[in-house]
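Structure file structure-v1.cif with mmCIF, C-alpha atoms and all ligand atoms:
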data_run
loop_
_atom_site.label_atom_id
_atom_site.label_comp_id
_atom_site.auth_asym_id
_atom_site.auth_seq_id
_atom_site.Cartn_x
_atom_site.Cartn_y
_atom_site.Cartn_z
CA MET A 2 107.59 91.38 106.20
CA THR A 3 108.03 89.57 109.53
CA ALA A 4 105.66 86.81 110.66
CA GLU A 5 104.11 89.27 113.12
CA ASP A 6 103.65 91.88 110.37
CA MET A 7 101.82 89.26 108.31
CA GLN A 8 99.48 88.39 111.18
CA TYR A 9 98.54 91.93 112.08
CA LEU A 10 96.72 94.57 110.05
CA THR A 11 98.24 97.99 110.73
CA ILE A 12 95.96 100.98 110.25
CA ALA A 13 97.17 104.61 110.15
CA LEU A 14 94.64 107.11 111.48
CA PRO A 15 95.17 110.88 111.07
CA LYS A 16 95.04 113.20 114.05
CA GLY A 17 92.61 116.08 113.62
CA LYS A 18 89.12 116.35 112.18
CA LEU A 19 88.99 112.85 110.72
CA PHE A 20 90.27 110.93 113.75
CA TYR A 21 87.07 110.21 115.66
CA LEU A 22 85.00 109.86 112.50
CA ALA A 23 87.42 107.16 111.34
CA LYS A 24 87.61 105.53 114.77
CA ASP A 25 83.79 105.36 115.00
CA LEU A 26 83.46 103.91 111.51
CA PHE A 27 86.04 101.19 112.20
CA ALA A 28 84.29 100.40 115.50
CA LYS A 29 81.10 99.71 113.55
CA VAL A 30 82.82 96.85 111.70
CA GLY A 31 84.35 95.53 114.92
CA TYR A 32 87.78 97.12 114.47
CA SER A 33 88.54 98.74 117.81
CA ALA A 34 91.23 98.93 120.44
CA GLU A 35 91.29 100.01 124.04
CA ASN A 36 92.63 103.52 124.69
CA LEU A 37 92.53 104.53 121.04
CA GLU A 38 92.44 108.31 121.48
CA GLU A 39 93.67 111.13 119.25
CA LYS A 40 95.77 112.69 122.01
CA SER A 41 97.22 109.40 123.23
CA ARG A 42 100.95 109.68 123.91
CA LYS A 43 101.23 106.03 123.00
CA LEU A 44 101.34 106.13 119.21
CA VAL A 45 100.75 102.46 118.42
CA ILE A 46 97.62 100.97 119.95
CA THR A 47 97.31 97.22 119.60
CA ASN A 48 94.42 94.81 119.86
CA ASP A 49 96.15 91.44 120.11
CA GLU A 50 92.91 89.49 120.11
CA LEU A 51 91.80 90.98 116.78
CA LYS A 52 95.36 91.25 115.43
CA ILE A 53 95.04 94.97 114.71
CA LYS A 54 97.50 97.82 115.25
CA PHE A 55 96.41 101.44 115.01
CA ILE A 56 99.08 104.08 114.32
CA ILE A 57 98.18 107.64 115.32
CA ALA A 58 99.83 109.90 112.72
CA LYS A 59 100.02 113.52 111.60
CA THR A 60 97.61 114.02 108.69
CA ALA A 61 100.25 114.60 106.01
CA ASP A 62 102.25 111.56 107.17
CA VAL A 63 99.48 108.99 106.69
CA PRO A 64 100.22 108.48 102.94
CA VAL A 65 103.93 108.23 103.79
CA TYR A 66 103.38 105.40 106.30
CA VAL A 67 101.13 103.60 103.84
CA GLU A 68 103.41 104.02 100.83
CA HIS A 69 106.35 102.55 102.72
CA GLY A 70 104.31 99.71 104.24
CA ALA A 71 104.74 100.92 107.82
CA ALA A 72 100.93 100.84 107.77
CA ASP A 73 98.96 98.41 105.59
CA ILE A 74 96.00 100.72 105.27
CA GLY A 75 95.05 104.23 106.36
CA VAL A 76 92.42 106.94 106.37
CA ILE A 77 93.14 110.25 104.68
CA GLY A 78 91.36 113.19 103.05
CA LYS A 79 91.33 113.06 99.25
CA ASP A 80 92.92 116.55 99.26
CA VAL A 81 95.99 115.32 101.16
CA LEU A 82 96.07 112.14 99.09
CA MET A 83 96.09 114.12 95.82
CA GLU A 84 98.74 116.46 97.13
CA SER A 85 101.00 113.61 98.28
CA ASP A 86 100.87 111.94 94.84
CA LYS A 87 101.98 108.61 96.33
CA ASP A 88 101.96 105.21 94.69
CA ILE A 89 99.19 103.73 96.84
CA TYR A 90 95.75 102.23 96.32
CA GLU A 91 92.63 104.25 97.02
CA LEU A 92 90.07 101.65 98.08
CA LEU A 93 86.94 103.36 99.33
CA ASP A 94 85.25 106.74 99.73
CA LEU A 95 84.35 106.81 103.43
CA GLY A 96 81.81 109.59 102.99
CA PHE A 97 82.81 111.85 105.87
CA GLY A 98 85.09 114.92 105.82
CA ARG A 99 83.34 116.25 102.73
CA CYS A 100 84.71 119.51 101.41
CA HIS A 101 86.06 120.87 98.14
CA LEU A 102 89.25 122.46 96.89
CA MET A 103 88.92 125.85 95.29
CA MET A 104 90.63 129.12 94.46
CA ALA A 105 89.46 132.28 96.27
CA VAL A 106 90.35 135.96 96.08
CA PRO A 107 89.52 139.11 98.09
CA LYS A 108 86.00 140.26 97.13
CA ASP A 109 87.08 143.85 96.66
CA LYS A 110 90.00 142.97 94.39
CA LYS A 111 88.23 140.61 92.03
CA ARG A 112 89.61 140.61 88.49
CA ALA A 113 87.45 140.14 85.40
CA LYS A 114 88.54 136.59 84.59
CA LEU A 115 90.62 133.73 85.97
CA THR A 116 93.53 134.23 83.60
CA ASP A 117 93.91 137.81 84.85
CA TYR A 118 95.58 136.19 87.90
CA ALA A 119 98.38 134.66 85.80
CA HIS A 120 101.86 135.37 87.22
CA THR A 121 100.43 136.40 90.62
CA ARG A 122 101.12 134.78 94.00
CA VAL A 123 98.87 132.05 95.38
CA ALA A 124 99.07 130.93 99.01
CA THR A 125 98.24 127.29 99.62
CA LYS A 126 98.78 124.15 101.64
CA PHE A 127 98.38 122.26 98.33
CA PRO A 128 101.04 123.52 95.87
CA HIS A 129 100.99 120.37 93.71
CA ILE A 130 97.21 120.39 93.30
CA ALA A 131 97.27 124.14 92.67
CA LYS A 132 100.05 123.83 90.10
CA LYS A 133 98.24 121.07 88.22
CA PHE A 134 95.08 123.17 88.17
CA PHE A 135 96.76 126.39 86.98
CA ASN A 136 98.89 124.50 84.43
CA SER A 137 95.67 123.04 83.00
CA LYS A 138 94.50 126.64 82.51
CA GLY A 139 97.80 127.61 80.91
CA MET A 140 98.64 129.86 83.87
CA GLN A 141 102.05 130.24 85.45
CA MET A 142 101.87 131.22 89.09
CA GLU A 143 104.09 131.87 92.07
CA TYR A 144 103.31 129.36 94.81
CA ILE A 145 103.65 130.22 98.49
CA LYS A 146 103.41 127.10 100.65
CA MET A 147 101.61 127.65 103.95
CA ASN A 148 100.68 125.17 106.68
CA GLY A 149 97.40 126.60 107.97
CA SER A 150 95.22 129.72 108.17
CA ILE A 151 95.68 130.04 104.41
CA GLU A 152 92.98 132.73 104.26
CA LEU A 153 95.47 135.11 105.90
CA GLY A 154 97.57 135.20 102.74
CA PRO A 155 95.72 137.92 100.79
CA ILE A 156 94.81 139.84 103.97
CA VAL A 157 98.42 140.42 104.95
CA GLY A 158 99.56 141.01 101.38
CA LEU A 159 101.41 137.72 101.04
CA SER A 160 99.45 136.67 97.97
CA GLU A 161 96.72 137.72 95.53
CA SER A 162 94.75 134.48 95.96
CA ILE A 163 94.51 131.22 97.87
CA VAL A 164 93.90 127.58 96.99
CA ASP A 165 92.33 125.80 99.95
CA ILE A 166 89.49 123.56 101.08
CA VAL A 167 86.02 124.89 101.86
CA GLU A 168 83.23 123.19 103.70
CA THR A 169 80.57 125.65 104.88
CA GLY A 170 82.16 128.77 103.37
CA THR A 171 82.25 130.48 106.78
CA THR A 172 86.01 131.05 106.80
CA LEU A 173 85.86 132.62 103.33
CA ARG A 174 82.97 134.91 104.33
CA GLU A 175 84.61 135.94 107.61
CA ASN A 176 87.70 137.00 105.70
CA ASN A 177 85.96 138.75 102.76
CA LEU A 178 87.11 136.18 100.26
CA GLU A 179 85.13 134.80 97.33
CA GLU A 180 85.50 131.48 95.56
CA ILE A 181 86.22 132.06 91.86
CA ALA A 182 87.18 128.57 90.69
CA PHE A 183 86.23 125.03 91.73
CA ILE A 184 89.12 122.55 91.65
CA ALA A 185 87.97 119.19 93.08
CA ASP A 186 85.68 117.49 95.58
CA ALA A 187 87.25 115.78 98.58
CA SER A 188 86.26 113.40 101.39
CA ALA A 189 87.97 110.81 103.55
CA ARG A 190 89.34 107.76 101.71
CA LEU A 191 90.55 104.32 102.74
CA ILE A 192 94.00 103.76 101.25
CA ALA A 193 96.29 100.73 101.13
CA ASN A 194 99.90 99.82 100.57
CA ARG A 195 100.21 97.99 97.24
CA ALA A 196 102.07 94.95 98.59
CA SER A 197 99.86 94.69 101.69
CA PHE A 198 96.77 94.72 99.51
CA LYS A 199 98.02 91.64 97.67
CA LEU A 200 99.52 89.82 100.67
CA LYS A 201 96.55 90.48 102.98
CA PHE A 202 93.91 90.55 100.27
CA ASN A 203 91.29 88.42 102.05
CA ARG A 204 91.38 90.45 105.20
CA ILE A 205 91.45 93.86 103.51
CA ASN A 206 88.77 92.86 101.02
CA LYS A 207 86.48 91.67 103.83
CA LEU A 208 87.09 94.96 105.63
CA ILE A 209 86.19 96.96 102.49
CA GLN A 210 82.97 95.00 102.11
CA ASP A 211 82.03 95.46 105.77
CA LEU A 212 82.78 99.18 105.66
CA ASP A 213 80.80 99.51 102.45
CA THR A 214 77.80 97.78 104.05
CA VAL A 215 77.94 100.12 107.05
CA LEU A 216 78.28 103.19 104.81
CA LYS A 217 75.32 102.13 102.64
CA GLY A 218 73.29 101.55 105.81
CA ASP A 219 74.22 105.03 107.09
CA ASN A 220 72.98 106.58 103.85
CA GLU A 221 69.57 104.87 103.88
N1 LIG B 301 86.26 122.42 107.36
C1 LIG B 301 86.33 121.17 106.92
N2 LIG B 301 85.25 120.51 106.61
C2 LIG B 301 85.28 119.22 106.19
N3 LIG B 301 86.40 118.52 106.03
C3 LIG B 301 87.50 119.15 106.32
C4 LIG B 301 87.53 120.49 106.77
N4 LIG B 301 88.77 120.83 107.00
C5 LIG B 301 89.46 119.72 106.71
N5 LIG B 301 88.71 118.73 106.27
C6 LIG B 301 89.13 117.38 105.84
O1 LIG B 301 89.74 116.80 106.96
C7 LIG B 301 91.10 116.54 106.69
C8 LIG B 301 91.91 116.80 107.93
O2 LIG B 301 91.77 118.13 108.31
P1 LIG B 301 92.49 118.69 109.61
O3 LIG B 301 92.15 120.13 109.70
O4 LIG B 301 92.21 117.82 110.76
O5 LIG B 301 93.97 118.38 109.26
P2 LIG B 301 95.14 119.30 108.88
O6 LIG B 301 94.74 120.74 109.07
O7 LIG B 301 95.60 118.88 107.54
O8 LIG B 301 96.20 118.85 109.92
P3 LIG B 301 97.27 119.75 110.58
O9 LIG B 301 96.46 120.63 111.49
O10 LIG B 301 98.11 118.74 111.27
O11 LIG B 301 97.94 120.47 109.44
C9 LIG B 301 91.45 117.46 105.52
O12 LIG B 301 92.54 116.94 104.80
C10 LIG B 301 90.16 117.44 104.74
O13 LIG B 301 90.09 116.29 103.93
O1 LIG B 302 84.38 126.44 104.84
P1 LIG B 302 84.65 126.25 106.29
O2 LIG B 302 83.59 125.42 106.96
O3 LIG B 302 84.86 127.54 107.00
O4 LIG B 302 85.97 125.36 106.46
C1 LIG B 302 87.14 125.70 105.77
C2 LIG B 302 88.30 125.87 106.68
O5 LIG B 302 88.61 124.62 107.30
C3 LIG B 302 89.98 124.35 107.09
O6 LIG B 302 90.77 124.92 108.06
P2 LIG B 302 91.18 124.20 109.41
O7 LIG B 302 90.06 124.29 110.39
O8 LIG B 302 91.68 122.83 109.11
O9 LIG B 302 92.35 125.10 109.94
P3 LIG B 302 93.74 125.44 109.25
O10 LIG B 302 93.49 126.67 108.43
O11 LIG B 302 94.65 125.68 110.37
O12 LIG B 302 94.16 124.26 108.40
C4 LIG B 302 90.30 125.06 105.78
O13 LIG B 302 91.68 125.28 105.63
C5 LIG B 302 89.50 126.32 105.88
O14 LIG B 302 90.21 127.31 106.56
#

Take the structure in this file and express it as structure tokens.
Amino acid sequence: MTAEDMQYLTIALPKGKLFYLAKDLFAKVGYSAENLEEKSRKLVITNDELKIKFIIAKTADVPVYVEHGAADIGVIGKDVLMESDKDIYELLDLGFGRCHLMMAVPKDKKRAKLTDYAHTRVATKFPHIAKKFFNSKGMQMEYIKMNGSIELGPIVGLSESIVDIVETGTTLRENNLEEIAFIADASARLIANRASFKLKFNRINKLIQDLDTVLKGDNE
């Protein structure tokens, strides 16, 4: 780590649904930077006074930056964190981005029980999570990795089921799908690089405490 790296705290924020929620939360504990916008073409936004650098990253890349120490800390959905299976610390549940991972199937093709789907195709953005889940049920499956609009899978005959996240259930309903198995809850998490957490412990620990205070206040 260079002297500058040691002075600064680098924070990876994911583009997409969590970006402004994360930005607003950090602002509440005084962590902000001018021109910090999701669509900024400048990808590193620095606040020299506060010794903070924000990195604007693709969602799935946030755990990669943090694992390799390119960012000291980051914000990421628990779903993406579980899928990435990286050797990083999960420090805090940030409370926003709540959803859950589940398995769904077409309503009109529902089979009697979960294990009746063994050896069928499942479309998902989360093949590792899905595999862990089906293995725990003793089910072998064929995994089809998709990058979005997962609900299309069964409609176009690509798969018999999906494993995806659900929030309101609207997307499932609109596509005549029904949840048949709950897998895990998810929400945004604060994560940290293992070495950074030790080397910058005081700063990161203070940040955790400040964020925690704000989150508790929000829930009152
Ligand atoms: N409908 C939703 N309701 C609540 N939280 C959600 C919802 N969809 C996603 N999330 C949470 O927000 C995170 C980011 O979702 P978002 O859709 O912005 O990213 P993404 O689709 O993974 O990114 P990309 O579009 O680059 O693939 C998810 O990993 C999940 O934790
Ligand atoms: O239960 P709901 O409130 O309908 O939310 C669930 C939807 O949100 C996410 O999709 P996203 O908007 O991220 O689009 P994507 O399919 O392109 O990833 C997820 O993959 C579901 O499709």

Legend entry - Pick from A:Asn194, A:Thr171, A:Thr3, A:Ser162, whichever lies nearest to A:Lys111 using only C-alpha atoms: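 Counting only C-alpha atoms, the residue closest to A:Lys111 is A:Ser162.
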
Legend entry - Residue neighbourhood A:Ala72, 8 Å, all atoms listed in the file, exclusion window fewer than 4 positions, as an MDAnalysis selection string: chainID A and resid 10:13 56 66:67 194

Using only C-alpha atoms and all ligand atoms, what does the table of chain A residues within 12 Å of ligand LIG 302 (chain B) look like, with each row giving the shortest atom pair and its distance in Å to one decimal, sorted by chain and ascending number, as JSON lines?
{"residue": "A:Lys16", "atom": "CA", "partner": "B:LIG302", "partner_atom": "O8", "distance": 11.3}
{"residue": "A:Gly17", "atom": "CA", "partner": "B:LIG302", "partner_atom": "O8", "distance": 8.2}
{"residue": "A:Lys18", "atom": "CA", "partner": "B:LIG302", "partner_atom": "O8", "distance": 7.6}
{"residue": "A:Leu19", "atom": "CA", "partner": "B:LIG302", "partner_atom": "O8", "distance": 10.5}
{"residue": "A:Thr60", "atom": "CA", "partner": "B:LIG302", "partner_atom": "O8", "distance": 10.6}
{"residue": "A:Ala61", "atom": "CA", "partner": "B:LIG302", "partner_atom": "O12", "distance": 11.7}
{"residue": "A:Gly78", "atom": "CA", "partner": "B:LIG302", "partner_atom": "O8", "distance": 11.4}
{"residue": "A:Asp80", "atom": "CA", "partner": "B:LIG302", "partner_atom": "O13", "distance": 10.9}
{"residue": "A:Val81", "atom": "CA", "partner": "B:LIG302", "partner_atom": "O12", "distance": 11.6}
{"residue": "A:Gly98", "atom": "CA", "partner": "B:LIG302", "partner_atom": "O5", "distance": 10.4}
{"residue": "A:Arg99", "atom": "CA", "partner": "B:LIG302", "partner_atom": "O2", "distance": 10.1}
{"residue": "A:Cys100", "atom": "CA", "partner": "B:LIG302", "partner_atom": "O1", "distance": 7.7}
{"residue": "A:His101", "atom": "CA", "partner": "B:LIG302", "partner_atom": "O1", "distance": 8.9}
{"residue": "A:Leu102", "atom": "CA", "partner": "B:LIG302", "partner_atom": "C4", "distance": 9.3}
{"residue": "A:Met103", "atom": "CA", "partner": "B:LIG302", "partner_atom": "O1", "distance": 10.6}
{"residue": "A:Met104", "atom": "CA", "partner": "B:LIG302", "partner_atom": "C5", "distance": 11.8}
{"residue": "A:Ala105", "atom": "CA", "partner": "B:LIG302", "partner_atom": "C5", "distance": 11.3}
{"residue": "A:Ala124", "atom": "CA", "partner": "B:LIG302", "partner_atom": "O13", "distance": 11.4}
{"residue": "A:Thr125", "atom": "CA", "partner": "B:LIG302", "partner_atom": "O13", "distance": 9.1}
{"residue": "A:Lys126", "atom": "CA", "partner": "B:LIG302", "partner_atom": "O12", "distance": 8.2}
{"residue": "A:Phe127", "atom": "CA", "partner": "B:LIG302", "partner_atom": "O13", "distance": 10.4}
{"residue": "A:Met147", "atom": "CA", "partner": "B:LIG302", "partner_atom": "O12", "distance": 9.3}
{"residue": "A:Asn148", "atom": "CA", "partner": "B:LIG302", "partner_atom": "O12", "distance": 6.8}
{"residue": "A:Gly149", "atom": "CA", "partner": "B:LIG302", "partner_atom": "O11", "distance": 3.8}
{"residue": "A:Ser150", "atom": "CA", "partner": "B:LIG302", "partner_atom": "O10", "distance": 3.5}
{"residue": "A:Ile151", "atom": "CA", "partner": "B:LIG302", "partner_atom": "O10", "distance": 5.7}
{"residue": "A:Glu152", "atom": "CA", "partner": "B:LIG302", "partner_atom": "O14", "distance": 6.5}
{"residue": "A:Leu153", "atom": "CA", "partner": "B:LIG302", "partner_atom": "O10", "distance": 9.0}
{"residue": "A:Gly154", "atom": "CA", "partner": "B:LIG302", "partner_atom": "O10", "distance": 11.0}
{"residue": "A:Ile163", "atom": "CA", "partner": "B:LIG302", "partner_atom": "O13", "distance": 10.2}
{"residue": "A:Val164", "atom": "CA", "partner": "B:LIG302", "partner_atom": "O13", "distance": 9.2}
{"residue": "A:Asp165", "atom": "CA", "partner": "B:LIG302", "partner_atom": "O13", "distance": 5.7}
{"residue": "A:Ile166", "atom": "CA", "partner": "B:LIG302", "partner_atom": "C4", "distance": 5.0}
{"residue": "A:Val167", "atom": "CA", "partner": "B:LIG302", "partner_atom": "O1", "distance": 3.7}
{"residue": "A:Glu168", "atom": "CA", "partner": "B:LIG302", "partner_atom": "O1", "distance": 3.6}
{"residue": "A:Thr169", "atom": "CA", "partner": "B:LIG302", "partner_atom": "O2", "distance": 3.7}
{"residue": "A:Gly170", "atom": "CA", "partner": "B:LIG302", "partner_atom": "O1", "distance": 3.5}
{"residue": "A:Thr171", "atom": "CA", "partner": "B:LIG302", "partner_atom": "O3", "distance": 3.9}
{"residue": "A:Thr172", "atom": "CA", "partner": "B:LIG302", "partner_atom": "O3", "distance": 3.7}
{"residue": "A:Leu173", "atom": "CA", "partner": "B:LIG302", "partner_atom": "O3", "distance": 6.3}
{"residue": "A:Arg174", "atom": "CA", "partner": "B:LIG302", "partner_atom": "O3", "distance": 8.1}
{"residue": "A:Glu175", "atom": "CA", "partner": "B:LIG302", "partner_atom": "O3", "distance": 8.4}
{"residue": "A:Asn176", "atom": "CA", "partner": "B:LIG302", "partner_atom": "O3", "distance": 10.0}
{"residue": "A:Leu178", "atom": "CA", "partner": "B:LIG302", "partner_atom": "O1", "distance": 11.1}
{"residue": "A:Glu179", "atom": "CA", "partner": "B:LIG302", "partner_atom": "O1", "distance": 11.3}
{"residue": "A:Glu180", "atom": "CA", "partner": "B:LIG302", "partner_atom": "O1", "distance": 10.6}

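In this model, the gap between atom CA of A:Leu191 and atom CA of A:Glu84 comes to 15.7 Å.
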
Counting all atoms listed in the file, what is within 12 Å of A:Ile89, bar same-chain residues fewer than 4 positions away, as a tab-separated table (two decimals) with C-alpha atoms, in the frame of the given file?
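Below is the file selection-v6.tsv, written as the result:
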chain	number	residue	atom	x	y	z
A	63	VAL	CA	99.48	108.99	106.69
A	64	PRO	CA	100.22	108.48	102.94
A	65	VAL	CA	103.93	108.23	103.79
A	66	TYR	CA	103.38	105.40	106.30
A	67	VAL	CA	101.13	103.60	103.84
A	68	GLU	CA	103.41	104.02	100.83
A	69	HIS	CA	106.35	102.55	102.72
A	70	GLY	CA	104.31	99.71	104.24
A	72	ALA	CA	100.93	100.84	107.77
A	73	ASP	CA	98.96	98.41	105.59
A	74	ILE	CA	96.00	100.72	105.27
A	75	GLY	CA	95.05	104.23	106.36
A	77	ILE	CA	93.14	110.25	104.68
A	82	LEU	CA	96.07	112.14	99.09
A	83	MET	CA	96.09	114.12	95.82
A	85	SER	CA	101.00	113.61	98.28
A	190	ARG	CA	89.34	107.76	101.71
A	191	LEU	CA	90.55	104.32	102.74
A	192	ILE	CA	94.00	103.76	101.25
A	193	ALA	CA	96.29	100.73	101.13
A	194	ASN	CA	99.90	99.82	100.57
A	195	ARG	CA	100.21	97.99	97.24
A	196	ALA	CA	102.07	94.95	98.59
A	197	SER	CA	99.86	94.69	101.69
A	198	PHE	CA	96.77	94.72	99.51

Inset, instruction - Using only C-alpha atoms, determine which residues lie at most 12 Å from stretch 48-54 of chain A, disregarding the query and same-chain residues fewer than 5 positions distant; provide the list as a ChimeraX atom specification. - result: /A:5-14,27,30-37,43,71-75,204-205

Legend entry - Computed interatomic separation between atom CA of A:Gly158 and atom CA of A:Ala119 (Å): 16.9 Å

Legend entry - For atom O12 of ligand LIG 301 (chain B) and atom CA of A:Gly139, the interatomic separation in Å (one decimal): 26.7 Å

Inset, instruction - Determine the nearest neighbour of ligand LIG 301 (chain B) from the options A:Leu44, A:Ala187, A:Ile145, A:Val76, counting all atoms listed in the file. - result: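 Looking at the shortest contact to ligand LIG 301 (chain B), the residue is A:Ala187.
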
Quick one: everything within 10 Å of A:Leu212, counting all atoms listed in the file, minus sequence neighbours fewer than 5 positions away in the same chain. Send it as a compact mmCIF listing (two decimals) with C-alpha atoms, in the frame of the given file.
# COMPACT_ATOMS: atom_id res chain seq x y z
CA LEU A 26 83.46 103.91 111.51
CA PHE A 27 86.04 101.19 112.20
CA LYS A 29 81.10 99.71 113.55
CA VAL A 30 82.82 96.85 111.70
CA LEU A 93 86.94 103.36 99.33
CA ASP A 94 85.25 106.74 99.73
CA LEU A 95 84.35 106.81 103.43
CA LEU A 191 90.55 104.32 102.74
CA ASN A 206 88.77 92.86 101.02
CA LYS A 207 86.48 91.67 103.83
CA LYS A 217 75.32 102.13 102.64
CA GLY A 218 73.29 101.55 105.81

Please list as an mmCIF file with C-alpha atoms, keeping the file's coordinate frame every residue within 12 Å of A:Gln141, counting all atoms listed in the file and excluding residues in the same chain fewer than 5 positions away.
data_model
loop_
_atom_site.group_PDB
_atom_site.id
_atom_site.type_symbol
_atom_site.label_atom_id
_atom_site.label_comp_id
_atom_site.auth_asym_id
_atom_site.auth_seq_id
_atom_site.Cartn_x
_atom_site.Cartn_y
_atom_site.Cartn_z
ATOM 1 C CA LEU A 115 90.620 133.730 85.970
ATOM 2 C CA THR A 116 93.530 134.230 83.600
ATOM 3 C CA ASP A 117 93.910 137.810 84.850
ATOM 4 C CA TYR A 118 95.580 136.190 87.900
ATOM 5 C CA ALA A 119 98.380 134.660 85.800
ATOM 6 C CA HIS A 120 101.860 135.370 87.220
ATOM 7 C CA THR A 121 100.430 136.400 90.620
ATOM 8 C CA ARG A 122 101.120 134.780 94.000
ATOM 9 C CA VAL A 123 98.870 132.050 95.380
ATOM 10 C CA ALA A 131 97.270 124.140 92.670
ATOM 11 C CA LYS A 132 100.050 123.830 90.100
ATOM 12 C CA LYS A 133 98.240 121.070 88.220
ATOM 13 C CA PHE A 134 95.080 123.170 88.170
ATOM 14 C CA PHE A 135 96.760 126.390 86.980
ATOM 15 C CA ASN A 136 98.890 124.500 84.430
#

Enclose the full set of atoms of ligand LIG 301 (chain B) listed in the file within a box whose edges lie along x, y and z, apply 4 Å of padding to each of the six sides, and report centre and edge lengths in Å to one decimal as AutoDock Vina command-line options.
--center_x 91.7 --center_y 119.4 --center_z 107.7 --size_x 20.9 --size_y 14.1 --size_z 15.6

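Between ligand LIG 301 (chain B) and the candidates A:Ser188, A:Phe55, A:Leu92, A:Ala23, the tightest atom-to-atom separation, counting all atoms listed in the file, involves A:Ser188.
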
Legend entry - Residue nearest A:Asp213 among A:Leu200, A:Ile181, A:Met140, A:Gly96 (counting all atoms listed in the file):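 Among A:Leu200, A:Ile181, A:Met140, A:Gly96, it is A:Gly96 that comes nearest to A:Asp213.
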
Inset, instruction - Rank A:Asp86, A:Asp211, A:Glu143, A:Glu39 by their smallest atom-to-atom distance to ligand LIG 301 (chain B), using all atoms listed in the file, and report the top residue only. - result: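 Ranked by minimum distance to ligand LIG 301 (chain B), first place goes to A:Glu39.
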
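Proximity of A:Ala113, A:Tyr90, A:Ala189, A:Phe183 to ligand LIG 301 (chain B), computed with all atoms listed in the file, is greatest for A:Ala189.
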